[in-house]
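Written below as structure tokens is the structure these notes are about.
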Amino acid sequence: MNADPVGLDPAVLARLRLELDDDEGWFLFLRNFLNHLPRRIEKLRRGLEGADYEVSMDAVLSLKISCQMVGAERLAGMALQLQQSLAVGSDGALCEIPGLEQLFEEISVLAGQTSLHLERCFAQGAAGGGQPVLPPAAD
């Protein structure tokens with residue numbers, strides 16, 4: 001089990017780094033994830049508030065997949081939970097589901113924490129003159 005408070009899996013990030021075979025590309029990929037995370041959360045908020053099933057589903061899928069790609073496992077798991085909770089009514093609108101608002105708020109808070117955690121990793125790397133410093137992979 002990873003001791004990382006936001007559920008970031010360093011093994012996923014290491015695998016991504018190897019697959020990209022380019023530290024600059026890997027760094028850019030992580031930076032893009034961080035830059036797009038607030039937009040993904042905001043799009044999800046708008047979809048849920050507007051009871052728009054299509055927008056909500058598109059936003060939660062984007063969030064889930066991007067989180068999986070960078071190893072933000074806890075956030076990806078919560079996005080999956082929200083995805084599985086979404087239901088569309090006969091009118092095409094998002095059905096009102098008890099607890100959906102609370103789940104979104106938890107996702108929003110965790111997204112902020114994940115972003116701060118990754119930003120700290122970037123800052124540590126910059127201070128050392130290199131790439132982000134990530135926590136070691138759990139055994």
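Starting from 1 in every chain, residues are counted up; chains themselves are A, B, ... following the order of the structure tokens, and ligands are numbered from 1 as listed.
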Shell around Ala76 of chain A at 6 Å using only C-alpha atoms, local window under 3 positions removed, as a ChimeraX atom specification: /A:64,67-68,73,79
Selection above as a file: N, CA and C atoms, as a compact mmCIF listing (two decimals), in the first residue's frame:
```txt
# COMPACT_ATOMS: atom_id res chain seq x y z
N LYS A 64 -10.93 10.61 -15.03
CA LYS A 64 -10.51 9.27 -14.63
C LYS A 64 -9.31 8.78 -15.44
N CYS A 67 -6.07 10.73 -14.74
CA CYS A 67 -5.55 10.35 -13.43
C CYS A 67 -4.88 8.98 -13.47
N GLN A 68 -5.48 8.05 -14.17
CA GLN A 68 -4.88 6.72 -14.30
C GLN A 68 -3.52 6.80 -14.99
N GLU A 73 -4.08 7.33 -8.38
CA GLU A 73 -5.00 6.19 -8.23
C GLU A 73 -6.22 6.50 -7.38
N ALA A 79 -13.24 9.04 -9.32
CA ALA A 79 -13.88 9.39 -10.59
C ALA A 79 -14.66 8.19 -11.13
```
How close does each residue of segment 24-96 of chain A get to segment 104-115 of chain A, giving the shortest atom pair and distance in Å to one decimal for every residue with an atom at most 7 Å away, counting only C-alpha atoms, sorted by chain and residue number, as CSV?
```
residue,atom,partner,partner_atom,distance
A:Leu34,CA,A:Ser115,CA,6.2
A:Ile41,CA,A:Ser108,CA,6.5
A:Leu75,CA,A:Leu110,CA,6.6
A:Met78,CA,A:Ile107,CA,6.5
```
Contacts of Leu44 of chain A within 12 Å, only C-alpha atoms, excl. fewer than 4 positions in-chain, as number ranges by chain: A: 37-40, 48-64, 79, 82-83, 86, 100-101, 103-105, 107-108
Pick from A:Arg120, A:Glu42, A:Leu30, A:Gly7 nearest to Val70 of chain A, counting only C-alpha atoms: A:Leu30
